[in-house]
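A.B. asks: The file below is structure27.txt, compact mmCIF, C-alpha atoms and all ligand atoms:
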```txt
# COMPACT_ATOMS: atom_id res chain seq x y z
CA MET A 1362 81.98 -7.49 -14.33
CA ASN A 1363 83.28 -7.77 -17.87
CA LYS A 1364 81.85 -4.94 -19.90
CA MET A 1365 84.08 -5.41 -22.91
CA SER A 1366 81.92 -6.17 -25.86
CA ASN A 1367 82.90 -7.71 -29.18
CA SER A 1368 83.67 -4.52 -31.10
CA ASN A 1369 81.55 -5.52 -34.11
CA ASN A 1370 78.43 -5.93 -32.05
CA LEU A 1371 75.88 -3.20 -31.71
CA LEU A 1372 74.04 -5.29 -29.15
CA GLU A 1373 74.97 -8.30 -27.12
CA ILE A 1374 72.66 -10.17 -24.74
CA ARG A 1375 74.51 -12.26 -22.20
CA ASP A 1376 72.98 -14.91 -19.96
CA LEU A 1377 69.64 -13.15 -19.76
CA VAL A 1378 67.25 -14.66 -17.22
CA VAL A 1379 63.75 -13.23 -16.74
CA LYS A 1380 61.15 -14.51 -14.29
CA PHE A 1381 57.64 -13.32 -13.50
CA LYS A 1382 56.05 -13.54 -10.09
CA THR A 1383 52.43 -14.53 -10.48
CA GLU A 1384 49.75 -15.79 -8.08
CA GLU A 1385 50.15 -19.26 -9.57
CA GLY A 1386 53.91 -19.29 -9.05
CA ILE A 1387 57.11 -18.17 -10.77
CA VAL A 1388 57.04 -18.15 -14.57
CA ASN A 1389 60.49 -18.86 -16.01
CA ALA A 1390 60.16 -16.91 -19.24
CA VAL A 1391 63.84 -16.62 -20.23
CA ASN A 1392 66.37 -19.11 -18.89
CA GLY A 1393 69.77 -17.84 -20.00
CA VAL A 1394 69.60 -16.33 -23.46
CA ASN A 1395 72.63 -15.17 -25.44
CA TYR A 1396 72.42 -13.38 -28.73
CA SER A 1397 74.20 -10.59 -30.54
CA VAL A 1398 73.49 -8.20 -33.37
CA PRO A 1399 76.58 -7.20 -35.35
CA GLU A 1400 76.50 -3.57 -36.54
CA GLY A 1401 74.50 -3.16 -39.76
CA CYS A 1402 73.35 -6.80 -39.64
CA SER A 1403 69.97 -8.30 -38.95
CA ILE A 1404 69.08 -11.35 -36.93
CA GLY A 1405 65.93 -13.43 -36.83
CA VAL A 1406 64.74 -14.85 -33.51
CA VAL A 1407 62.53 -17.84 -34.15
CA GLY A 1408 60.64 -20.26 -31.93
CA GLU A 1409 57.19 -21.47 -30.95
CA SER A 1410 54.73 -19.39 -28.95
CA GLY A 1411 55.80 -18.80 -25.35
CA CYS A 1412 59.51 -19.54 -25.81
CA GLY A 1413 60.52 -16.08 -24.59
CA LYS A 1414 61.13 -14.14 -27.82
CA THR A 1415 59.15 -11.07 -26.84
CA VAL A 1416 60.26 -11.01 -23.23
CA SER A 1417 63.94 -11.15 -24.30
CA ALA A 1418 63.39 -8.30 -26.77
CA TYR A 1419 61.46 -6.14 -24.31
CA SER A 1420 64.30 -6.56 -21.84
CA ILE A 1421 66.58 -4.62 -24.20
CA THR A 1422 64.72 -1.36 -23.62
CA ARG A 1423 63.41 -2.41 -20.22
CA LEU A 1424 59.77 -2.63 -21.22
CA LEU A 1425 59.20 -5.38 -18.67
CA PRO A 1426 56.21 -5.34 -16.33
CA LYS A 1427 56.63 -4.72 -12.61
CA ASN A 1428 56.32 -8.40 -11.68
CA ALA A 1429 59.50 -9.24 -13.61
CA THR A 1430 62.88 -10.01 -12.06
CA PHE A 1431 65.94 -10.42 -14.23
CA SER A 1432 69.69 -10.98 -14.39
CA GLY A 1433 72.39 -10.97 -17.05
CA GLN A 1434 73.78 -8.21 -19.23
CA ILE A 1435 72.50 -6.39 -22.30
CA LEU A 1436 75.43 -4.53 -23.79
CA TYR A 1437 74.55 -1.77 -26.22
CA LYS A 1438 77.25 0.12 -28.09
CA GLU A 1439 76.30 3.78 -28.17
CA ARG A 1440 76.99 6.23 -31.00
CA ASN A 1441 80.17 7.41 -29.26
CA GLY A 1442 81.43 3.81 -28.83
CA LYS A 1443 80.66 3.62 -25.12
CA VAL A 1444 79.12 0.32 -24.07
CA THR A 1445 76.05 0.57 -21.83
CA ASP A 1446 74.45 -2.31 -19.96
CA THR A 1447 70.77 -1.44 -20.42
CA LEU A 1448 69.74 -3.98 -17.78
CA ALA A 1449 71.68 -2.03 -15.19
CA LEU A 1450 70.03 1.31 -15.99
CA PRO A 1451 67.22 2.65 -13.79
CA ALA A 1452 63.93 1.44 -15.33
CA GLU A 1453 62.36 4.84 -15.92
CA GLY A 1454 65.52 6.95 -15.91
CA LYS A 1455 66.68 9.50 -18.46
CA GLU A 1456 69.23 7.19 -20.07
CA ILE A 1457 66.88 4.35 -20.97
CA ARG A 1458 64.28 6.85 -22.20
CA ARG A 1459 66.92 8.43 -24.41
CA LEU A 1460 67.79 5.02 -25.88
CA ARG A 1461 64.11 4.33 -26.53
CA GLY A 1462 63.66 7.78 -28.03
CA ARG A 1463 66.52 7.83 -30.51
CA ASP A 1464 68.48 4.60 -30.66
CA ILE A 1465 66.29 1.52 -30.37
CA SER A 1466 62.85 1.48 -31.99
CA MET A 1467 60.25 -1.25 -31.79
CA ILE A 1468 57.52 -2.34 -34.17
CA PHE A 1469 54.91 -4.34 -32.33
CA GLN A 1470 52.57 -7.08 -33.43
CA GLU A 1471 49.46 -5.04 -32.70
CA PRO A 1472 49.81 -1.42 -33.86
CA MET A 1473 46.96 -0.08 -31.71
CA SER A 1474 48.89 -1.04 -28.59
CA SER A 1475 51.55 1.55 -29.39
CA LEU A 1476 49.53 4.19 -31.24
CA SER A 1477 47.56 6.58 -29.10
CA PRO A 1478 43.88 6.73 -30.14
CA VAL A 1479 43.46 10.35 -29.01
CA HIS A 1480 46.37 12.00 -30.84
CA THR A 1481 46.75 12.71 -34.55
CA ILE A 1482 49.35 10.84 -36.56
CA ASN A 1483 51.28 14.10 -36.87
CA ASN A 1484 51.45 14.56 -33.10
CA GLN A 1485 52.65 11.02 -32.57
CA LEU A 1486 55.23 11.07 -35.34
CA SER A 1487 56.52 14.52 -34.43
CA GLU A 1488 56.89 13.93 -30.71
CA ALA A 1489 60.23 12.11 -30.78
CA MET A 1490 61.65 14.40 -33.45
CA ILE A 1491 60.85 17.53 -31.43
CA LEU A 1492 62.07 15.94 -28.21
CA PHE A 1493 65.23 14.18 -29.35
CA GLN A 1494 66.23 15.76 -32.65
CA ASN A 1495 65.66 19.43 -31.79
CA MET A 1496 63.27 19.93 -34.69
CA SER A 1497 60.73 22.73 -34.75
CA LYS A 1498 57.06 21.76 -34.97
CA GLN A 1499 57.00 22.73 -38.64
CA GLU A 1500 60.15 20.73 -39.49
CA ALA A 1501 58.80 17.69 -37.65
CA ARG A 1502 55.49 17.95 -39.51
CA GLU A 1503 57.28 18.08 -42.86
CA ARG A 1504 59.39 15.09 -41.95
CA SER A 1505 56.27 13.23 -40.77
CA ILE A 1506 54.66 13.77 -44.17
CA GLU A 1507 57.85 12.57 -45.86
CA LEU A 1508 57.92 9.46 -43.71
CA LEU A 1509 54.27 8.63 -44.40
CA ASP A 1510 55.02 8.97 -48.09
CA LEU A 1511 58.06 6.73 -47.70
CA VAL A 1512 56.02 3.95 -46.10
CA GLY A 1513 53.43 4.15 -48.87
CA ILE A 1514 50.53 6.08 -47.32
CA PRO A 1515 48.62 7.89 -50.08
CA ASN A 1516 47.83 11.62 -49.60
CA PRO A 1517 50.26 11.96 -46.71
CA SER A 1518 49.82 15.72 -46.28
CA ARG A 1519 46.12 15.22 -45.60
CA ARG A 1520 46.33 11.95 -43.70
CA VAL A 1521 48.98 13.22 -41.32
CA ASP A 1522 46.22 15.11 -39.46
CA GLU A 1523 44.00 12.07 -39.06
CA TYR A 1524 43.67 9.70 -36.10
CA PRO A 1525 44.74 6.03 -36.02
CA PHE A 1526 41.13 4.76 -36.11
CA GLN A 1527 40.80 6.34 -39.57
CA PHE A 1528 43.47 3.96 -40.90
CA SER A 1529 43.05 0.32 -41.90
CA GLY A 1530 45.10 -2.40 -40.14
CA GLY A 1531 47.74 -2.52 -42.87
CA MET A 1532 48.01 1.28 -42.98
CA ARG A 1533 48.36 1.44 -39.20
CA GLN A 1534 51.22 -1.02 -39.42
CA ARG A 1535 52.86 1.32 -41.93
CA VAL A 1536 52.32 4.27 -39.60
CA MET A 1537 54.02 2.32 -36.85
CA ILE A 1538 57.00 1.67 -39.13
CA ALA A 1539 57.09 5.41 -39.92
CA MET A 1540 56.98 6.11 -36.19
CA ALA A 1541 59.89 3.75 -35.58
CA LEU A 1542 61.88 5.49 -38.31
CA ALA A 1543 61.03 8.99 -37.06
CA ARG A 1544 63.33 8.27 -34.16
CA ASN A 1545 66.21 7.80 -36.55
CA PRO A 1546 67.13 4.60 -34.73
CA ARG A 1547 70.22 2.43 -35.08
CA LEU A 1548 68.47 -0.75 -34.01
CA LEU A 1549 64.99 -1.77 -35.11
CA ILE A 1550 63.21 -4.49 -33.17
CA ALA A 1551 60.27 -5.91 -35.13
CA ASP A 1552 58.18 -8.29 -33.03
CA GLU A 1553 55.94 -10.38 -35.31
CA PRO A 1554 55.32 -7.23 -37.35
CA THR A 1555 52.98 -8.87 -39.83
CA THR A 1556 51.13 -11.57 -37.92
CA ALA A 1557 47.96 -9.47 -37.66
CA LEU A 1558 47.88 -8.81 -41.41
CA ASP A 1559 46.52 -10.88 -44.26
CA VAL A 1560 48.97 -12.70 -46.49
CA THR A 1561 49.29 -10.14 -49.32
CA LEU A 1562 49.78 -7.30 -46.85
CA GLN A 1563 52.33 -9.38 -44.92
CA ALA A 1564 54.56 -9.60 -47.97
CA GLN A 1565 54.25 -5.86 -48.64
CA VAL A 1566 55.02 -4.83 -45.09
CA LEU A 1567 58.00 -7.20 -44.88
CA LYS A 1568 59.34 -5.77 -48.12
CA LEU A 1569 58.89 -2.28 -46.72
CA ILE A 1570 60.78 -3.14 -43.53
CA GLN A 1571 63.56 -4.62 -45.64
CA ASN A 1572 63.78 -1.51 -47.84
CA MET A 1573 63.85 0.76 -44.81
CA GLN A 1574 66.53 -1.37 -43.20
CA ASN A 1575 68.74 -1.02 -46.28
CA GLU A 1576 68.01 2.65 -46.80
CA PHE A 1577 68.73 3.66 -43.22
CA ASN A 1578 71.46 1.05 -42.70
CA LEU A 1579 69.72 -0.24 -39.61
CA SER A 1580 70.59 -3.22 -37.52
CA MET A 1581 67.50 -5.32 -36.93
CA ILE A 1582 66.04 -8.00 -34.70
CA LEU A 1583 63.13 -9.68 -36.44
CA ILE A 1584 61.04 -11.88 -34.17
CA THR A 1585 58.75 -14.50 -35.64
CA HIS A 1586 57.48 -18.03 -35.13
CA ASP A 1587 57.80 -18.59 -38.87
CA LEU A 1588 61.18 -19.63 -40.27
CA GLY A 1589 59.88 -18.97 -43.78
CA VAL A 1590 59.50 -15.26 -42.97
CA VAL A 1591 63.09 -14.70 -41.89
CA ALA A 1592 64.71 -16.60 -44.75
CA HIS A 1593 65.05 -13.59 -47.03
CA MET A 1594 65.16 -10.88 -44.40
CA VAL A 1595 68.10 -11.52 -42.06
CA ASP A 1596 71.77 -12.47 -41.91
CA TYR A 1597 71.69 -14.73 -38.85
CA ILE A 1598 69.03 -16.90 -37.24
CA TYR A 1599 68.67 -17.74 -33.56
CA ILE A 1600 66.39 -20.65 -32.72
CA MET A 1601 64.80 -20.43 -29.27
CA TYR A 1602 63.16 -23.14 -27.25
CA LEU A 1603 61.75 -22.82 -23.74
CA GLY A 1604 63.59 -19.64 -22.83
CA ARG A 1605 66.95 -20.61 -24.32
CA VAL A 1606 68.77 -20.37 -27.65
CA VAL A 1607 69.31 -23.91 -28.94
CA GLU A 1608 70.99 -23.09 -32.24
CA ARG A 1609 72.32 -20.08 -34.09
CA GLY A 1610 73.98 -19.59 -37.44
CA LYS A 1611 74.00 -17.84 -40.77
CA VAL A 1612 70.70 -18.19 -42.60
CA VAL A 1613 72.14 -20.43 -45.28
CA ASP A 1614 73.63 -22.81 -42.68
CA ILE A 1615 70.41 -23.03 -40.68
CA PHE A 1616 68.48 -23.95 -43.82
CA ASP A 1617 71.09 -26.17 -45.49
CA ASN A 1618 72.59 -27.81 -42.44
CA PRO A 1619 70.20 -27.61 -39.48
CA LEU A 1620 71.73 -29.28 -36.44
CA HIS A 1621 69.32 -29.25 -33.52
CA PRO A 1622 66.43 -31.74 -33.74
CA TYR A 1623 64.09 -28.84 -32.88
CA THR A 1624 65.39 -26.74 -35.79
CA LYS A 1625 64.85 -29.70 -38.10
CA GLY A 1626 61.29 -30.01 -36.80
CA LEU A 1627 60.66 -26.31 -37.47
CA LEU A 1628 62.04 -26.60 -40.99
CA ASN A 1629 59.85 -29.61 -41.69
CA SER A 1630 56.81 -27.67 -40.59
CA ILE A 1631 57.27 -24.93 -43.22
CA PRO A 1632 54.65 -25.59 -45.89
CA LYS A 1633 56.43 -26.40 -49.13
CA LEU A 1634 55.04 -24.75 -52.23
CA LYS A 1635 56.13 -27.67 -54.35
CA GLY A 1636 54.72 -30.27 -51.95
CA LYS A 1637 52.33 -32.86 -53.33
CA ARG A 1638 48.69 -31.93 -53.07
CA GLY A 1639 47.14 -33.19 -49.91
CA GLU A 1640 50.56 -33.77 -48.34
CA ARG A 1641 50.44 -32.90 -44.67
CA VAL A 1642 52.82 -30.45 -43.14
CA SER A 1643 54.59 -32.30 -40.38
CA SER A 1644 54.48 -30.65 -37.00
CA ILE A 1645 56.65 -31.47 -34.04
CA PRO A 1646 54.95 -34.04 -31.78
CA GLY A 1647 54.38 -33.26 -28.11
CA THR A 1648 53.74 -30.00 -26.32
CA VAL A 1649 56.02 -27.39 -24.80
CA PRO A 1650 56.58 -28.13 -21.08
CA SER A 1651 55.31 -25.78 -18.37
CA THR A 1652 57.23 -22.57 -17.78
CA TYR A 1653 56.60 -22.84 -14.03
CA VAL A 1654 59.52 -25.24 -13.78
CA VAL A 1655 63.03 -24.40 -14.96
CA PRO A 1656 63.95 -27.29 -17.25
CA VAL A 1657 66.68 -29.51 -15.87
CA GLY A 1658 68.71 -30.59 -18.86
CA CYS A 1659 67.70 -29.84 -22.41
CA GLY A 1660 64.23 -28.27 -22.60
CA PHE A 1661 63.48 -30.15 -25.82
CA ALA A 1662 64.35 -33.62 -24.46
CA ALA A 1663 60.73 -34.66 -23.83
CA ARG A 1664 59.89 -34.12 -27.51
CA CYS A 1665 63.19 -35.19 -29.03
CA PRO A 1666 63.41 -38.47 -30.95
CA TYR A 1667 67.14 -38.76 -30.10
CA ALA A 1668 66.90 -37.98 -26.38
CA LYS A 1669 68.96 -40.15 -24.06
CA GLU A 1670 69.15 -40.17 -20.27
CA GLN A 1671 71.81 -37.46 -20.14
CA CYS A 1672 69.57 -35.03 -22.04
CA PHE A 1673 67.03 -34.99 -19.17
CA LYS A 1674 69.70 -34.39 -16.53
CA GLU A 1675 72.31 -32.01 -17.91
CA LEU A 1676 72.25 -28.85 -19.94
CA PRO A 1677 74.25 -29.32 -23.15
CA ASP A 1678 77.03 -26.76 -23.72
CA ARG A 1679 77.09 -24.57 -26.77
CA VAL A 1680 79.24 -26.24 -29.41
CA LEU A 1681 80.72 -24.48 -32.43
CA VAL A 1682 80.17 -26.95 -35.25
CA GLU A 1683 81.20 -24.79 -38.20
CA ASP A 1684 82.01 -21.12 -38.75
CA GLU A 1685 79.50 -19.02 -36.75
CA HIS A 1686 77.21 -22.04 -36.38
CA GLU A 1687 76.56 -23.13 -32.79
CA VAL A 1688 74.24 -25.69 -31.27
CA SER A 1689 73.37 -26.80 -27.74
CA CYS A 1690 72.72 -30.51 -28.10
CA PHE A 1691 74.46 -33.65 -26.83
CA LEU A 1692 74.41 -35.10 -30.34
CA PHE A 1693 77.19 -32.64 -31.07
CA ASN A 1694 78.99 -32.63 -27.77
CA GLY A 1695 82.73 -32.26 -27.92
CA GLY A 1696 82.55 -30.28 -31.14
CA GLU A 1697 82.57 -33.35 -33.34
CA VAL A 1698 79.57 -34.00 -35.48
CA LYS A 1699 78.55 -37.57 -34.92
CA GLU A 1700 77.64 -39.39 -38.10
CA ASP A 1701 74.17 -40.43 -37.00
CA ALA A 1702 73.32 -36.88 -35.93
CA ALA A 1703 74.65 -35.29 -39.09
CA ASN A 1704 72.55 -37.60 -41.20
CA ALA A 1705 69.48 -37.58 -39.00
N1 LIG B 1 53.68 -10.25 -17.54
C1 LIG B 1 53.80 -11.58 -17.51
N2 LIG B 1 53.47 -12.28 -16.39
C2 LIG B 1 53.60 -13.62 -16.34
N3 LIG B 1 54.07 -14.38 -17.36
C3 LIG B 1 54.40 -13.74 -18.50
C4 LIG B 1 54.28 -12.32 -18.63
N4 LIG B 1 54.71 -11.98 -19.89
C5 LIG B 1 55.07 -13.13 -20.49
N5 LIG B 1 54.89 -14.19 -19.67
C6 LIG B 1 55.21 -15.60 -19.97
O1 LIG B 1 56.56 -15.68 -20.37
C7 LIG B 1 56.75 -16.69 -21.35
C8 LIG B 1 57.44 -16.11 -22.56
O2 LIG B 1 56.57 -15.19 -23.17
P1 LIG B 1 56.89 -14.42 -24.52
O3 LIG B 1 55.80 -13.42 -24.68
O4 LIG B 1 58.27 -13.91 -24.52
O5 LIG B 1 56.76 -15.56 -25.62
P2 LIG B 1 56.95 -15.45 -27.18
O6 LIG B 1 58.05 -16.35 -27.57
O7 LIG B 1 57.06 -14.02 -27.58
O8 LIG B 1 55.58 -16.07 -27.72
P3 LIG B 1 54.61 -15.62 -28.92
O9 LIG B 1 55.15 -16.27 -30.16
O10 LIG B 1 53.28 -16.20 -28.53
O11 LIG B 1 54.58 -14.12 -28.98
C9 LIG B 1 55.36 -17.25 -21.64
O12 LIG B 1 55.20 -18.41 -20.87
C10 LIG B 1 54.43 -16.15 -21.15
O13 LIG B 1 53.19 -16.69 -20.73
MG MG B 2 55.85 -12.71 -28.64
```
Hey, can you dump this file as structure tokens for me?
C.D. replies:
Amino acid sequence: MNKMSNSNNLLEIRDLVVKFKTEEGIVNAVNGVNYSVPEGCSIGVVGESGCGKTVSAYSITRLLPKNATFSGQILYKERNGKVTDTLALPAEGKEIRRLRGRDISMIFQEPMSSLSPVHTINNQLSEAMILFQNMSKQEARERSIELLDLVGIPNPSRRVDEYPFQFSGGMRQRVMIAMALARNPRLLIADEPTTALDVTLQAQVLKLIQNMQNEFNLSMILITHDLGVVAHMVDYIYIMYLGRVVERGKVVDIFDNPLHPYTKGLLNSIPKLKGKRGERVSSIPGTVPSTYVVPVGCGFAARCPYAKEQCFKELPDRVLVEDEHEVSCFLFNGGEVKEDAANA
């Protein structure tokens, strides 16, 4: 097994496949995903609901339910340079718990799912610092207050002794960001961190995450179904469809030169501020196929205006079209951009 990782990458997911056994049959959640996070960089993972964004991310720290089976490699470069395949670690062992405790932090969509209702904010923030950073209770409490202040909670020295239910939704989201930072992580995974918030709060929380990322020099995976959200937040974008990555590239290339018909559809569905009044946002016709069947060929073929017979039968290879810009689509097969595809 090749465990050499590209030395610039903090994390590299290779050929990740995740399936769930259910009473109705096997759910093919992730069908061979590849993505990497260069050190100090941030990536956005974008795609419609159900395409496997969360399941891929949860695989990194092995937060998968018991009915999951998986294969592939998730190579994480540790602080000492050693590369660990987190998929190969025992699910509840010391090593993966250590990575969760001090290397890889997650911010979830719904803060109450990761905040305990019966412990004070101080207890929850301090726990990882006492456990993994050898802090005394008093030191951890002081740092907790500092962190609450940093994420914009007023009166932090009083509020640190309150319980999550005493905080509003937006404030809880801030507490969760503070909790992620308390672990002094190297990689932050933010899974739809603002979907549950109203629009003004969304902008504030995204700004906060961005500031924290710069201040702590974190690498980040930002998961969202909204391309508009990632535009100003990340260095690279990965577009997922039906459990696979269909296109990846630098943000500017994805926006200025989208290649995959699905990416173009996503871009067209971003509401344009300057659009004419009453103009409808175009959405991509058709529905996402069932995850009970592994797609033969390109998963997007059934919805693709350019699909030909081959697209339903074979899986297109990844093709490097320009620097760091790859697509899996037969329109670009052979590495040459066909005129009709480039202008489509
Ligand atoms: N525990 C589970 N058991 C069975 N199927 C599951 C389980 N968890 C996820 N799935 C299925 O796996 C697929 C991928 O789910 P995932 O949560 O990764 O999607 P997503 O891209 O994060 O979507 P969303 O944007 O709605 O969060 C979906 O079809 C989902 O129903
Ligand atoms: Mg999700």
A.B. asks: Taking only C-alpha atoms and all ligand atoms and a cut-off of 10 Å, can you tell me which residues surround ligand MG 2 (chain B), written as a list in words?
C.D. replies: Gly1408, Glu1409, Ser1410, Gly1411, Cys1412, Gly1413, Lys1414, Thr1415, Val1416, Ser1417, Ala1418, Tyr1419, Phe1469, Gln1470, Asp1552, Glu1553, Ile1584, Thr1585 and His1586 of chain A
A.B. asks: In Å, rounded to a single decimal, give me how far atom CA of Pro1515 of chain A is from atom CA of Ser1529 of chain A.
C.D. replies: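 These two atoms are separated by 12.5 Å.
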A.B. asks: Please measure the separation of atom CA of Val1406 of chain A and atom CA of Lys1443 of chain A, giving the value in Å to one decimal.
C.D. replies: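 So the two atoms, atom CA of Val1406 of chain A and atom CA of Lys1443 of chain A, lie 25.8 Å apart.
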A.B. asks: Kindly indicate which residue among A:Ser1466, A:Ser1403, A:Thr1555, A:Asn1575 lies nearest to Ala1539 of chain A, using all atoms listed in the file for the distances.
C.D. replies: A:Ser1466
A.B. asks: Need the shell around Leu1562 of chain A: protein/DNA/RNA residues with any atom at most 12 Å away, counting all atoms listed in the file. Skip same-chain ones fewer than 6 positions apart. Format as a PyMOL selection string?
C.D. replies: chain A and resi 1529-1535+1554-1556+1568-1569
A.B. asks: Can you measure atom CA of Glu1471 of chain A to atom CA of Val1590 of chain A for me? One decimal in Å is fine.
C.D. replies: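 Calculated distance between atom CA of Glu1471 of chain A and atom CA of Val1590 of chain A is 17.6 Å.
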